[in-house]
>>> print(open('entry.pdb').read())   # PDB, C-alpha atoms and all ligand atoms
ATOM      1  CA  MET A   1     210.530-140.460  33.024  1.00  0.00           C
ATOM      2  CA  SER A   2     208.549-139.309  30.008  1.00  0.00           C
ATOM      3  CA  THR A   3     208.152-135.664  28.980  1.00  0.00           C
ATOM      4  CA  ILE A   4     205.013-133.707  28.110  1.00  0.00           C
ATOM      5  CA  HIS A   5     205.321-134.643  24.443  1.00  0.00           C
ATOM      6  CA  ILE A   6     207.361-137.870  24.442  1.00  0.00           C
ATOM      7  CA  SER A   7     206.379-141.048  26.299  1.00  0.00           C
ATOM      8  CA  ALA A   8     209.624-143.007  25.812  1.00  0.00           C
ATOM      9  CA  ALA A   9     211.474-144.436  28.813  1.00  0.00           C
ATOM     10  CA  PRO A  10     214.974-143.203  29.683  1.00  0.00           C
ATOM     11  CA  GLY A  11     217.494-144.852  27.363  1.00  0.00           C
ATOM     12  CA  ASP A  12     214.894-145.601  24.669  1.00  0.00           C
ATOM     13  CA  PHE A  13     216.432-143.123  22.229  1.00  0.00           C
ATOM     14  CA  ALA A  14     219.807-143.619  20.587  1.00  0.00           C
ATOM     15  CA  ASP A  15     222.451-140.873  20.665  1.00  0.00           C
ATOM     16  CA  VAL A  16     221.585-140.081  17.049  1.00  0.00           C
ATOM     17  CA  VAL A  17     218.030-139.274  15.904  1.00  0.00           C
ATOM     18  CA  LEU A  18     216.905-138.752  12.304  1.00  0.00           C
ATOM     19  CA  MET A  19     213.916-136.417  12.115  1.00  0.00           C
ATOM     20  CA  PRO A  20     211.477-136.221   9.194  1.00  0.00           C
ATOM     21  CA  GLY A  21     208.542-133.808   9.489  1.00  0.00           C
ATOM     22  CA  ASP A  22     205.892-136.460   8.940  1.00  0.00           C
ATOM     23  CA  PRO A  23     205.582-139.106  11.683  1.00  0.00           C
ATOM     24  CA  LEU A  24     204.422-141.671   9.119  1.00  0.00           C
ATOM     25  CA  ARG A  25     207.707-141.083   7.335  1.00  0.00           C
ATOM     26  CA  ALA A  26     209.434-141.880  10.619  1.00  0.00           C
ATOM     27  CA  ARG A  27     207.553-145.189  10.696  1.00  0.00           C
ATOM     28  CA  TYR A  28     208.398-145.819   7.026  1.00  0.00           C
ATOM     29  CA  ILE A  29     212.109-145.184   7.645  1.00  0.00           C
ATOM     30  CA  ALA A  30     212.101-147.413  10.729  1.00  0.00           C
ATOM     31  CA  GLU A  31     210.262-150.293   9.067  1.00  0.00           C
ATOM     32  CA  ARG A  32     212.005-150.083   5.720  1.00  0.00           C
ATOM     33  CA  PHE A  33     215.592-149.339   6.764  1.00  0.00           C
ATOM     34  CA  LEU A  34     216.216-150.208  10.423  1.00  0.00           C
ATOM     35  CA  GLU A  35     216.819-153.650  11.846  1.00  0.00           C
ATOM     36  CA  GLN A  36     214.713-154.596  14.884  1.00  0.00           C
ATOM     37  CA  PRO A  37     212.788-151.291  14.945  1.00  0.00           C
ATOM     38  CA  ARG A  38     210.805-150.648  18.122  1.00  0.00           C
ATOM     39  CA  GLU A  39     208.242-147.887  18.609  1.00  0.00           C
ATOM     40  CA  VAL A  40     209.298-145.844  21.634  1.00  0.00           C
ATOM     41  CA  THR A  41     206.797-142.955  21.639  1.00  0.00           C
ATOM     42  CA  ALA A  42     203.465-142.063  20.057  1.00  0.00           C
ATOM     43  CA  VAL A  43     202.149-139.029  21.978  1.00  0.00           C
ATOM     44  CA  ARG A  44     199.877-137.066  19.583  1.00  0.00           C
ATOM     45  CA  ASN A  45     200.864-139.676  16.975  1.00  0.00           C
ATOM     46  CA  MET A  46     204.321-138.079  16.725  1.00  0.00           C
ATOM     47  CA  LEU A  47     205.918-141.476  16.305  1.00  0.00           C
ATOM     48  CA  GLY A  48     209.459-142.337  17.368  1.00  0.00           C
ATOM     49  CA  PHE A  49     211.399-145.566  16.804  1.00  0.00           C
ATOM     50  CA  THR A  50     214.768-147.011  17.723  1.00  0.00           C
ATOM     51  CA  GLY A  51     216.578-149.761  15.841  1.00  0.00           C
ATOM     52  CA  GLN A  52     219.911-150.677  14.316  1.00  0.00           C
ATOM     53  CA  TYR A  53     221.583-149.492  11.129  1.00  0.00           C
ATOM     54  CA  GLN A  54     224.956-150.839  10.012  1.00  0.00           C
ATOM     55  CA  GLY A  55     225.413-152.300  13.483  1.00  0.00           C
ATOM     56  CA  GLN A  56     224.765-148.972  15.250  1.00  0.00           C
ATOM     57  CA  ARG A  57     221.815-147.901  17.379  1.00  0.00           C
ATOM     58  CA  VAL A  58     219.859-145.159  15.600  1.00  0.00           C
ATOM     59  CA  SER A  59     216.460-143.538  16.279  1.00  0.00           C
ATOM     60  CA  VAL A  60     213.986-141.802  14.013  1.00  0.00           C
ATOM     61  CA  MET A  61     211.183-139.495  15.132  1.00  0.00           C
ATOM     62  CA  GLY A  62     208.770-137.089  13.418  1.00  0.00           C
ATOM     63  CA  HIS A  63     209.082-133.379  14.241  1.00  0.00           C
ATOM     64  CA  GLY A  64     205.891-131.957  12.714  1.00  0.00           C
ATOM     65  CA  MET A  65     205.615-128.727  10.748  1.00  0.00           C
ATOM     66  CA  GLY A  66     207.243-125.427  11.569  1.00  0.00           C
ATOM     67  CA  ILE A  67     209.759-124.112  14.058  1.00  0.00           C
ATOM     68  CA  PRO A  68     207.514-124.285  17.167  1.00  0.00           C
ATOM     69  CA  SER A  69     206.884-128.001  16.600  1.00  0.00           C
ATOM     70  CA  ILE A  70     210.466-129.054  15.852  1.00  0.00           C
ATOM     71  CA  SER A  71     211.681-126.935  18.784  1.00  0.00           C
ATOM     72  CA  ILE A  72     209.536-128.864  21.274  1.00  0.00           C
ATOM     73  CA  TYR A  73     210.692-132.302  20.130  1.00  0.00           C
ATOM     74  CA  ALA A  74     214.346-131.366  19.629  1.00  0.00           C
ATOM     75  CA  THR A  75     214.548-129.716  23.057  1.00  0.00           C
ATOM     76  CA  GLU A  76     212.971-132.663  24.878  1.00  0.00           C
ATOM     77  CA  LEU A  77     215.095-135.224  23.012  1.00  0.00           C
ATOM     78  CA  ILE A  78     218.298-133.434  23.955  1.00  0.00           C
ATOM     79  CA  ARG A  79     217.393-132.305  27.464  1.00  0.00           C
ATOM     80  CA  HIS A  80     215.535-135.369  28.736  1.00  0.00           C
ATOM     81  CA  TYR A  81     216.804-138.241  26.601  1.00  0.00           C
ATOM     82  CA  GLY A  82     220.440-137.177  26.204  1.00  0.00           C
ATOM     83  CA  VAL A  83     220.309-137.174  22.404  1.00  0.00           C
ATOM     84  CA  ARG A  84     223.554-135.782  20.993  1.00  0.00           C
ATOM     85  CA  VAL A  85     222.999-135.597  17.244  1.00  0.00           C
ATOM     86  CA  LEU A  86     219.848-134.546  15.360  1.00  0.00           C
ATOM     87  CA  ILE A  87     219.617-134.952  11.608  1.00  0.00           C
ATOM     88  CA  ARG A  88     216.566-133.396   9.970  1.00  0.00           C
ATOM     89  CA  VAL A  89     215.564-135.181   6.757  1.00  0.00           C
ATOM     90  CA  GLY A  90     213.014-133.075   4.950  1.00  0.00           C
ATOM     91  CA  SER A  91     211.846-131.600   1.733  1.00  0.00           C
ATOM     92  CA  CYS A  92     212.186-128.038   0.538  1.00  0.00           C
ATOM     93  CA  GLY A  93     211.265-125.740  -2.305  1.00  0.00           C
ATOM     94  CA  GLY A  94     214.287-125.000  -4.515  1.00  0.00           C
ATOM     95  CA  LEU A  95     214.951-121.307  -5.193  1.00  0.00           C
ATOM     96  CA  ARG A  96     218.288-120.745  -6.916  1.00  0.00           C
ATOM     97  CA  PRO A  97     218.611-121.604 -10.626  1.00  0.00           C
ATOM     98  CA  GLU A  98     221.520-124.000  -9.973  1.00  0.00           C
ATOM     99  CA  VAL A  99     219.315-126.081  -7.656  1.00  0.00           C
ATOM    100  CA  ASP A 100     217.404-128.790  -9.483  1.00  0.00           C
ATOM    101  CA  LEU A 101     214.601-131.190  -8.604  1.00  0.00           C
ATOM    102  CA  LYS A 102     215.901-134.281  -6.760  1.00  0.00           C
ATOM    103  CA  ASP A 103     219.010-132.455  -5.510  1.00  0.00           C
ATOM    104  CA  VAL A 104     219.892-132.999  -1.889  1.00  0.00           C
ATOM    105  CA  ILE A 105     220.823-129.832  -0.036  1.00  0.00           C
ATOM    106  CA  VAL A 106     223.181-129.871   2.938  1.00  0.00           C
ATOM    107  CA  ALA A 107     221.872-126.877   4.903  1.00  0.00           C
ATOM    108  CA  LEU A 108     225.029-125.162   6.160  1.00  0.00           C
ATOM    109  CA  ALA A 109     223.110-122.197   7.564  1.00  0.00           C
ATOM    110  CA  ALA A 110     219.579-120.883   7.772  1.00  0.00           C
ATOM    111  CA  GLY A 111     218.086-117.405   7.666  1.00  0.00           C
ATOM    112  CA  THR A 112     214.556-116.994   8.961  1.00  0.00           C
ATOM    113  CA  ASP A 113     211.632-114.628   9.483  1.00  0.00           C
ATOM    114  CA  SER A 114     211.005-116.309  12.861  1.00  0.00           C
ATOM    115  CA  ARG A 115     212.003-114.487  16.046  1.00  0.00           C
ATOM    116  CA  VAL A 116     212.751-117.620  18.076  1.00  0.00           C
ATOM    117  CA  ASN A 117     216.528-117.288  17.987  1.00  0.00           C
ATOM    118  CA  ARG A 118     216.217-113.607  18.920  1.00  0.00           C
ATOM    119  CA  HIS A 119     214.245-114.698  21.988  1.00  0.00           C
ATOM    120  CA  ARG A 120     217.207-116.893  22.890  1.00  0.00           C
ATOM    121  CA  PHE A 121     219.932-114.418  22.025  1.00  0.00           C
ATOM    122  CA  LEU A 122     219.088-111.049  23.652  1.00  0.00           C
ATOM    123  CA  ASP A 123     217.388-109.932  20.425  1.00  0.00           C
ATOM    124  CA  HIS A 124     220.710-110.094  18.549  1.00  0.00           C
ATOM    125  CA  ASP A 125     221.298-111.827  15.180  1.00  0.00           C
ATOM    126  CA  PHE A 126     222.017-115.486  15.907  1.00  0.00           C
ATOM    127  CA  PRO A 127     224.090-117.415  13.331  1.00  0.00           C
ATOM    128  CA  ALA A 128     221.966-120.527  12.783  1.00  0.00           C
ATOM    129  CA  VAL A 129     224.632-122.879  11.444  1.00  0.00           C
ATOM    130  CA  ALA A 130     224.967-126.614  11.014  1.00  0.00           C
ATOM    131  CA  ASP A 131     227.513-128.606  12.973  1.00  0.00           C
ATOM    132  CA  PHE A 132     230.615-128.414  10.796  1.00  0.00           C
ATOM    133  CA  GLU A 133     231.760-132.010  11.320  1.00  0.00           C
ATOM    134  CA  LEU A 134     228.316-133.373  10.476  1.00  0.00           C
ATOM    135  CA  ALA A 135     228.187-131.257   7.322  1.00  0.00           C
ATOM    136  CA  ARG A 136     231.706-132.287   6.311  1.00  0.00           C
ATOM    137  CA  ARG A 137     230.980-135.963   6.884  1.00  0.00           C
ATOM    138  CA  ALA A 138     227.729-135.677   4.922  1.00  0.00           C
ATOM    139  CA  MET A 139     229.623-134.158   1.971  1.00  0.00           C
ATOM    140  CA  GLU A 140     232.297-136.873   2.119  1.00  0.00           C
ATOM    141  CA  LEU A 141     229.761-139.695   2.352  1.00  0.00           C
ATOM    142  CA  ALA A 142     227.724-138.249  -0.514  1.00  0.00           C
ATOM    143  CA  ALA A 143     230.848-138.094  -2.693  1.00  0.00           C
ATOM    144  CA  ARG A 144     231.695-141.700  -1.789  1.00  0.00           C
ATOM    145  CA  ARG A 145     228.134-142.786  -2.606  1.00  0.00           C
ATOM    146  CA  GLY A 146     228.187-140.874  -5.911  1.00  0.00           C
ATOM    147  CA  GLN A 147     225.225-138.848  -4.703  1.00  0.00           C
ATOM    148  CA  PRO A 148     224.999-135.239  -5.924  1.00  0.00           C
ATOM    149  CA  VAL A 149     224.560-132.776  -3.059  1.00  0.00           C
ATOM    150  CA  ARG A 150     224.692-128.998  -2.770  1.00  0.00           C
ATOM    151  CA  ALA A 151     225.839-127.221   0.348  1.00  0.00           C
ATOM    152  CA  GLY A 152     224.637-123.731   1.187  1.00  0.00           C
ATOM    153  CA  SER A 153     222.158-121.500   2.960  1.00  0.00           C
ATOM    154  CA  VAL A 154     218.417-122.051   3.206  1.00  0.00           C
ATOM    155  CA  PHE A 155     215.543-119.933   4.503  1.00  0.00           C
ATOM    156  CA  SER A 156     213.137-121.138   7.208  1.00  0.00           C
ATOM    157  CA  SER A 157     209.787-119.388   6.928  1.00  0.00           C
ATOM    158  CA  ASP A 158     207.047-119.288   9.531  1.00  0.00           C
ATOM    159  CA  LEU A 159     204.342-119.041   6.887  1.00  0.00           C
ATOM    160  CA  PHE A 160     203.794-121.608   4.156  1.00  0.00           C
ATOM    161  CA  TYR A 161     201.101-119.398   2.593  1.00  0.00           C
ATOM    162  CA  MET A 162     202.943-116.126   2.404  1.00  0.00           C
ATOM    163  CA  PRO A 163     201.805-112.668   1.298  1.00  0.00           C
ATOM    164  CA  ASP A 164     203.995-110.947  -1.324  1.00  0.00           C
ATOM    165  CA  VAL A 165     205.832-114.198  -2.000  1.00  0.00           C
ATOM    166  CA  ALA A 166     207.371-112.984  -5.272  1.00  0.00           C
ATOM    167  CA  ARG A 167     209.263-110.213  -3.493  1.00  0.00           C
ATOM    168  CA  LEU A 168     210.489-112.611  -0.815  1.00  0.00           C
ATOM    169  CA  HIS A 169     211.648-115.208  -3.342  1.00  0.00           C
ATOM    170  CA  GLU A 170     213.456-112.564  -5.410  1.00  0.00           C
ATOM    171  CA  THR A 171     215.324-111.392  -2.297  1.00  0.00           C
ATOM    172  CA  LEU A 172     216.172-114.923  -1.151  1.00  0.00           C
ATOM    173  CA  VAL A 173     217.537-115.837  -4.586  1.00  0.00           C
ATOM    174  CA  ARG A 174     219.595-112.621  -4.705  1.00  0.00           C
ATOM    175  CA  MET A 175     221.000-113.325  -1.233  1.00  0.00           C
ATOM    176  CA  GLY A 176     222.067-116.847  -2.203  1.00  0.00           C
ATOM    177  CA  MET A 177     219.441-118.984  -0.440  1.00  0.00           C
ATOM    178  CA  LEU A 178     219.286-122.359  -2.164  1.00  0.00           C
ATOM    179  CA  ALA A 179     215.850-123.300  -0.890  1.00  0.00           C
ATOM    180  CA  ILE A 180     212.972-122.510   1.456  1.00  0.00           C
ATOM    181  CA  GLU A 181     211.532-124.748   4.170  1.00  0.00           C
ATOM    182  CA  MET A 182     210.122-124.251   7.662  1.00  0.00           C
ATOM    183  CA  GLU A 183     212.339-125.710  10.425  1.00  0.00           C
ATOM    184  CA  VAL A 184     216.122-125.557  10.005  1.00  0.00           C
ATOM    185  CA  ALA A 185     216.794-122.193  11.728  1.00  0.00           C
ATOM    186  CA  GLY A 186     214.809-123.402  14.738  1.00  0.00           C
ATOM    187  CA  LEU A 187     216.623-126.730  14.884  1.00  0.00           C
ATOM    188  CA  TYR A 188     220.063-125.073  14.773  1.00  0.00           C
ATOM    189  CA  GLY A 189     218.994-122.617  17.490  1.00  0.00           C
ATOM    190  CA  VAL A 190     217.804-125.420  19.781  1.00  0.00           C
ATOM    191  CA  ALA A 191     220.997-127.419  19.158  1.00  0.00           C
ATOM    192  CA  ALA A 192     223.140-124.419  20.170  1.00  0.00           C
ATOM    193  CA  GLU A 193     221.022-123.658  23.218  1.00  0.00           C
ATOM    194  CA  GLN A 194     220.861-127.265  24.443  1.00  0.00           C
ATOM    195  CA  GLY A 195     224.426-128.270  23.562  1.00  0.00           C
ATOM    196  CA  ALA A 196     223.804-130.815  20.812  1.00  0.00           C
ATOM    197  CA  ARG A 197     224.903-131.102  17.178  1.00  0.00           C
ATOM    198  CA  ALA A 198     222.519-130.795  14.246  1.00  0.00           C
ATOM    199  CA  LEU A 199     222.365-130.946  10.472  1.00  0.00           C
ATOM    200  CA  ALA A 200     219.529-130.807   7.952  1.00  0.00           C
ATOM    201  CA  LEU A 201     219.466-132.679   4.662  1.00  0.00           C
ATOM    202  CA  LEU A 202     216.736-131.457   2.325  1.00  0.00           C
ATOM    203  CA  ALA A 203     215.411-133.051  -0.853  1.00  0.00           C
ATOM    204  CA  VAL A 204     214.267-130.554  -3.481  1.00  0.00           C
ATOM    205  CA  ALA A 205     210.679-131.559  -4.240  1.00  0.00           C
ATOM    206  CA  ASP A 206     209.509-128.354  -5.953  1.00  0.00           C
ATOM    207  CA  HIS A 207     211.327-125.641  -7.852  1.00  0.00           C
ATOM    208  CA  LEU A 208     209.497-122.465  -6.940  1.00  0.00           C
ATOM    209  CA  PRO A 209     210.649-119.935  -9.607  1.00  0.00           C
ATOM    210  CA  THR A 210     209.808-122.352 -12.442  1.00  0.00           C
ATOM    211  CA  GLY A 211     206.824-124.076 -10.805  1.00  0.00           C
ATOM    212  CA  ARG A 212     208.223-127.539 -11.595  1.00  0.00           C
ATOM    213  CA  SER A 213     207.651-130.357  -9.103  1.00  0.00           C
ATOM    214  CA  LEU A 214     208.337-134.071  -8.725  1.00  0.00           C
ATOM    215  CA  SER A 215     205.680-136.729  -9.201  1.00  0.00           C
ATOM    216  CA  SER A 216     204.859-138.669  -6.038  1.00  0.00           C
ATOM    217  CA  THR A 217     206.906-141.680  -7.249  1.00  0.00           C
ATOM    218  CA  GLU A 218     209.920-139.475  -7.962  1.00  0.00           C
ATOM    219  CA  ARG A 219     209.450-137.770  -4.605  1.00  0.00           C
ATOM    220  CA  GLU A 220     209.610-141.111  -2.803  1.00  0.00           C
ATOM    221  CA  ARG A 221     212.653-142.325  -4.726  1.00  0.00           C
ATOM    222  CA  SER A 222     214.547-139.098  -4.158  1.00  0.00           C
ATOM    223  CA  PHE A 223     213.592-139.145  -0.470  1.00  0.00           C
ATOM    224  CA  ASP A 224     214.815-142.761  -0.132  1.00  0.00           C
ATOM    225  CA  GLU A 225     218.209-141.813  -1.555  1.00  0.00           C
ATOM    226  CA  MET A 226     218.525-138.981   0.934  1.00  0.00           C
ATOM    227  CA  ILE A 227     217.521-141.320   3.776  1.00  0.00           C
ATOM    228  CA  GLY A 228     220.277-143.712   2.715  1.00  0.00           C
ATOM    229  CA  LEU A 229     222.800-140.890   3.081  1.00  0.00           C
ATOM    230  CA  ALA A 230     221.313-139.678   6.391  1.00  0.00           C
ATOM    231  CA  LEU A 231     221.325-143.182   7.901  1.00  0.00           C
ATOM    232  CA  GLU A 232     224.911-143.803   6.855  1.00  0.00           C
ATOM    233  CA  LEU A 233     225.839-140.455   8.393  1.00  0.00           C
ATOM    234  CA  GLY A 234     223.862-141.288  11.535  1.00  0.00           C
ATOM    235  CA  ALA A 235     225.538-144.690  11.907  1.00  0.00           C
ATOM    236  CA  ALA A 236     229.000-143.140  11.435  1.00  0.00           C
ATOM    237  CA  GLU A 237     228.191-140.536  14.087  1.00  0.00           C
ATOM    238  CA  ALA A 238     226.773-143.163  16.459  1.00  0.00           C
ATOM    239  CA  ALA A 239     230.015-145.114  16.113  1.00  0.00           C
ATOM    240  CA  ALA A 240     232.056-141.966  16.832  1.00  0.00           C
ATOM    241  CA  VAL A 241     230.043-140.710  19.831  1.00  0.00           C
ATOM    242  CA  ALA A 242     231.630-141.736  23.125  1.00  0.00           C
ATOM    243  CA  PRO A 243     229.444-144.048  25.239  1.00  0.00           C
ATOM    244  CA  ARG A 244     227.256-142.237  27.794  1.00  0.00           C
TER     245      ARG A 244
HETATM  246  N1  LIG B 301     207.708-123.099   1.489  1.00  0.00           N
HETATM  247  C1  LIG B 301     208.013-123.516   2.715  1.00  0.00           C
HETATM  248  N2  LIG B 301     208.372-124.763   2.975  1.00  0.00           N
HETATM  249  C2  LIG B 301     208.440-125.644   1.967  1.00  0.00           C
HETATM  250  C3  LIG B 301     208.134-125.270   0.658  1.00  0.00           C
HETATM  251  C4  LIG B 301     207.746-123.923   0.421  1.00  0.00           C
HETATM  252  O1  LIG B 301     207.450-123.531  -0.695  1.00  0.00           O
HETATM  253  N3  LIG B 301     208.275-126.374  -0.131  1.00  0.00           N
HETATM  254  C5  LIG B 301     208.657-127.385   0.696  1.00  0.00           C
HETATM  255  N4  LIG B 301     208.753-126.950   1.952  1.00  0.00           N
END
>>> encode(input="entry.pdb", output="structure tokens")
Amino acid sequence: MSTIHISAAPGDFADVVLMPGDPLRARYIAERFLEQPREVTAVRNMLGFTGQYQGQRVSVMGHGMGIPSISIYATELIRHYGVRVLIRVGSCGGLRPEVDLKDVIVALAAGTDSRVNRHRFLDHDFPAVADFELARRAMELAARRGQPVRAGSVFSSDLFYMPDVARLHETLVRMGMLAIEMEVAGLYGVAAEQGARALALLAVADHLPTGRSLSSTERERSFDEMIGLALELGAAEAAAVAPR
């Protein structure tokens, strides 16, 4: 049975789904990195694919922009397709001085100006945290691959075009946020609510305080390296997840 936003058949998705924001990136990942990729959904052009990576079944699907969009897809994947592990692979704007262009951030936790987790949590502060084992495995794999990564907190904003952005950035830097993006706090809230495990890996494409940014070629190369890490992590998780 398909859902409102996903037309895949039951069993079409693997236990582990990588999620970039852009559905064309999902297609790129599937066609470039997966063996025997098969398109499993295309409602609203939010493309999803399932294939094999390192002998394991892995899916990749776009999640769109912002917390409302990722929340719809993540919820339906977990609730209706039995997905157990969601790995967001996205870009972010670096904030802290120690974060550099091309760095990959392992988002251990996310603050947000969104109220979605308050809706879920009796208006209390919800700790939007990554799954610890996923984060640990990502750090170990990155070390083994010789890939520099930084683990820490990020901030998920509802607005891309934000009023009084200087004040916000100053506060985020002071409070230790490595980067800003628009989905992680929502993803971690959905994972908690629906009983799945989630992690976000974020490539630093812009450095906001200094205004530096990557060229499109550098952006692609840095994204590919992060995808390599995410797929290896996804395959390791797929191998570890007990059969349904
Ligand atoms: N703000 C929000 N999300 C982002 C940004 C930003 O500056 N850069 C990349 N994703």
>>> closest_atom_pairs(input="entry.pdb", of="chain A", to="ligand LIG 301 (chain B)", cutoff="10 Å", atoms="all atoms listed in the file", output="tab-separated table")
residue	atom	partner	partner_atom	distance
A:Met65	CA	B:LIG301	N2	9.2
A:Gly66	CA	B:LIG301	N2	8.7
A:Gly90	CA	B:LIG301	N4	8.0
A:Ser91	CA	B:LIG301	C5	5.4
A:Cys92	CA	B:LIG301	C5	3.6
A:Gly93	CA	B:LIG301	N3	3.8
A:Gly94	CA	B:LIG301	N3	7.6
A:Leu95	CA	B:LIG301	O1	9.0
A:Phe155	CA	B:LIG301	C1	8.5
A:Ser156	CA	B:LIG301	C1	7.2
A:Ser157	CA	B:LIG301	C1	6.2
A:Asp158	CA	B:LIG301	C1	8.1
A:Leu159	CA	B:LIG301	C1	7.1
A:Phe160	CA	B:LIG301	C1	4.8
A:Tyr161	CA	B:LIG301	N1	7.7
A:Met162	CA	B:LIG301	N1	8.5
A:Val165	CA	B:LIG301	O1	9.6
A:His169	CA	B:LIG301	O1	9.7
A:Ala179	CA	B:LIG301	C3	8.1
A:Ile180	CA	B:LIG301	C1	5.2
A:Glu181	CA	B:LIG301	N2	3.4
A:Met182	CA	B:LIG301	N2	5.0
A:Glu183	CA	B:LIG301	N2	8.5
A:Leu202	CA	B:LIG301	N4	9.2
A:Ala203	CA	B:LIG301	C5	9.0
A:Val204	CA	B:LIG301	C5	7.7
A:Ala205	CA	B:LIG301	C5	6.8
A:Asp206	CA	B:LIG301	N3	6.3
A:His207	CA	B:LIG301	N3	8.3
A:Leu208	CA	B:LIG301	O1	6.7
A:Ser213	CA	B:LIG301	N3	9.8
>>> atom_distance(input="entry.pdb", atom1="CA of Arg44 (chain A)", atom2="CA of Glu76 (chain A)")
14.8 Å
>>> closest_residue(input="entry.pdb", among="A:Glu237, A:Asp22, A:Asp12, A:Glu232", to="Pro37 (chain A)", atoms="all atoms listed in the file")
A:Asp12
>>> closest_residue(input="entry.pdb", among="A:Arg32, A:Arg38, A:His80, A:Arg115", to="Ile67 (chain A)", atoms="only C-alpha atoms")
A:Arg115
>>> closest_residue(input="entry.pdb", among="A:Gly11, A:His124, A:Pro163, A:Arg150", to="Arg136 (chain A)", atoms="all atoms listed in the file")
A:Arg150
>>> build_atoms(input="entry.pdb", residues="region 134-139 of chain A", atoms="all heavy atoms", output="PDB file, in the coordinates of the input")
ATOM      1  N   LEU A 134     229.430-132.630  11.095  1.00  0.00           N
ATOM      2  CA  LEU A 134     228.316-133.373  10.476  1.00  0.00           C
ATOM      3  C   LEU A 134     228.207-133.002   8.995  1.00  0.00           C
ATOM      4  O   LEU A 134     228.024-133.870   8.138  1.00  0.00           O
ATOM      5  CB  LEU A 134     226.998-133.037  11.166  1.00  0.00           C
ATOM      6  CG  LEU A 134     226.646-133.757  12.456  1.00  0.00           C
ATOM      7  CD1 LEU A 134     225.366-133.168  13.029  1.00  0.00           C
ATOM      8  CD2 LEU A 134     226.483-135.250  12.211  1.00  0.00           C
ATOM      9  N   ALA A 135     228.314-131.712   8.713  1.00  0.00           N
ATOM     10  CA  ALA A 135     228.187-131.257   7.322  1.00  0.00           C
ATOM     11  C   ALA A 135     229.334-131.817   6.475  1.00  0.00           C
ATOM     12  O   ALA A 135     229.135-132.297   5.360  1.00  0.00           O
ATOM     13  CB  ALA A 135     228.180-129.732   7.275  1.00  0.00           C
ATOM     14  N   ARG A 136     230.548-131.777   7.055  1.00  0.00           N
ATOM     15  CA  ARG A 136     231.706-132.287   6.311  1.00  0.00           C
ATOM     16  C   ARG A 136     231.558-133.786   6.038  1.00  0.00           C
ATOM     17  O   ARG A 136     231.779-134.257   4.926  1.00  0.00           O
ATOM     18  CB  ARG A 136     232.974-132.018   7.109  1.00  0.00           C
ATOM     19  CG  ARG A 136     234.232-132.308   6.312  1.00  0.00           C
ATOM     20  CD  ARG A 136     235.395-131.672   6.963  1.00  0.00           C
ATOM     21  NE  ARG A 136     235.628-132.288   8.258  1.00  0.00           N
ATOM     22  CZ  ARG A 136     236.803-132.761   8.650  1.00  0.00           C
ATOM     23  NH1 ARG A 136     237.831-132.682   7.849  1.00  0.00           N
ATOM     24  NH2 ARG A 136     236.959-133.285   9.833  1.00  0.00           N
ATOM     25  N   ARG A 137     231.143-134.514   7.056  1.00  0.00           N
ATOM     26  CA  ARG A 137     230.980-135.963   6.884  1.00  0.00           C
ATOM     27  C   ARG A 137     229.877-136.268   5.866  1.00  0.00           C
ATOM     28  O   ARG A 137     230.000-137.202   5.073  1.00  0.00           O
ATOM     29  CB  ARG A 137     230.672-136.603   8.237  1.00  0.00           C
ATOM     30  CG  ARG A 137     230.923-138.075   8.267  1.00  0.00           C
ATOM     31  CD  ARG A 137     230.886-138.621   9.675  1.00  0.00           C
ATOM     32  NE  ARG A 137     232.198-138.712  10.273  1.00  0.00           N
ATOM     33  CZ  ARG A 137     232.421-138.980  11.558  1.00  0.00           C
ATOM     34  NH1 ARG A 137     231.409-139.148  12.374  1.00  0.00           N
ATOM     35  NH2 ARG A 137     233.638-139.081  12.032  1.00  0.00           N
ATOM     36  N   ALA A 138     228.820-135.475   5.891  1.00  0.00           N
ATOM     37  CA  ALA A 138     227.729-135.677   4.922  1.00  0.00           C
ATOM     38  C   ALA A 138     228.255-135.465   3.499  1.00  0.00           C
ATOM     39  O   ALA A 138     227.930-136.239   2.583  1.00  0.00           O
ATOM     40  CB  ALA A 138     226.575-134.712   5.204  1.00  0.00           C
ATOM     41  N   MET A 139     229.077-134.434   3.306  1.00  0.00           N
ATOM     42  CA  MET A 139     229.623-134.158   1.971  1.00  0.00           C
ATOM     43  C   MET A 139     230.542-135.295   1.528  1.00  0.00           C
ATOM     44  O   MET A 139     230.501-135.735   0.381  1.00  0.00           O
ATOM     45  CB  MET A 139     230.413-132.834   1.961  1.00  0.00           C
ATOM     46  CG  MET A 139     229.613-131.595   2.302  1.00  0.00           C
ATOM     47  SD  MET A 139     228.194-131.307   1.248  1.00  0.00           S
ATOM     48  CE  MET A 139     228.968-130.820  -0.289  1.00  0.00           C
TER      49      MET A 139
END
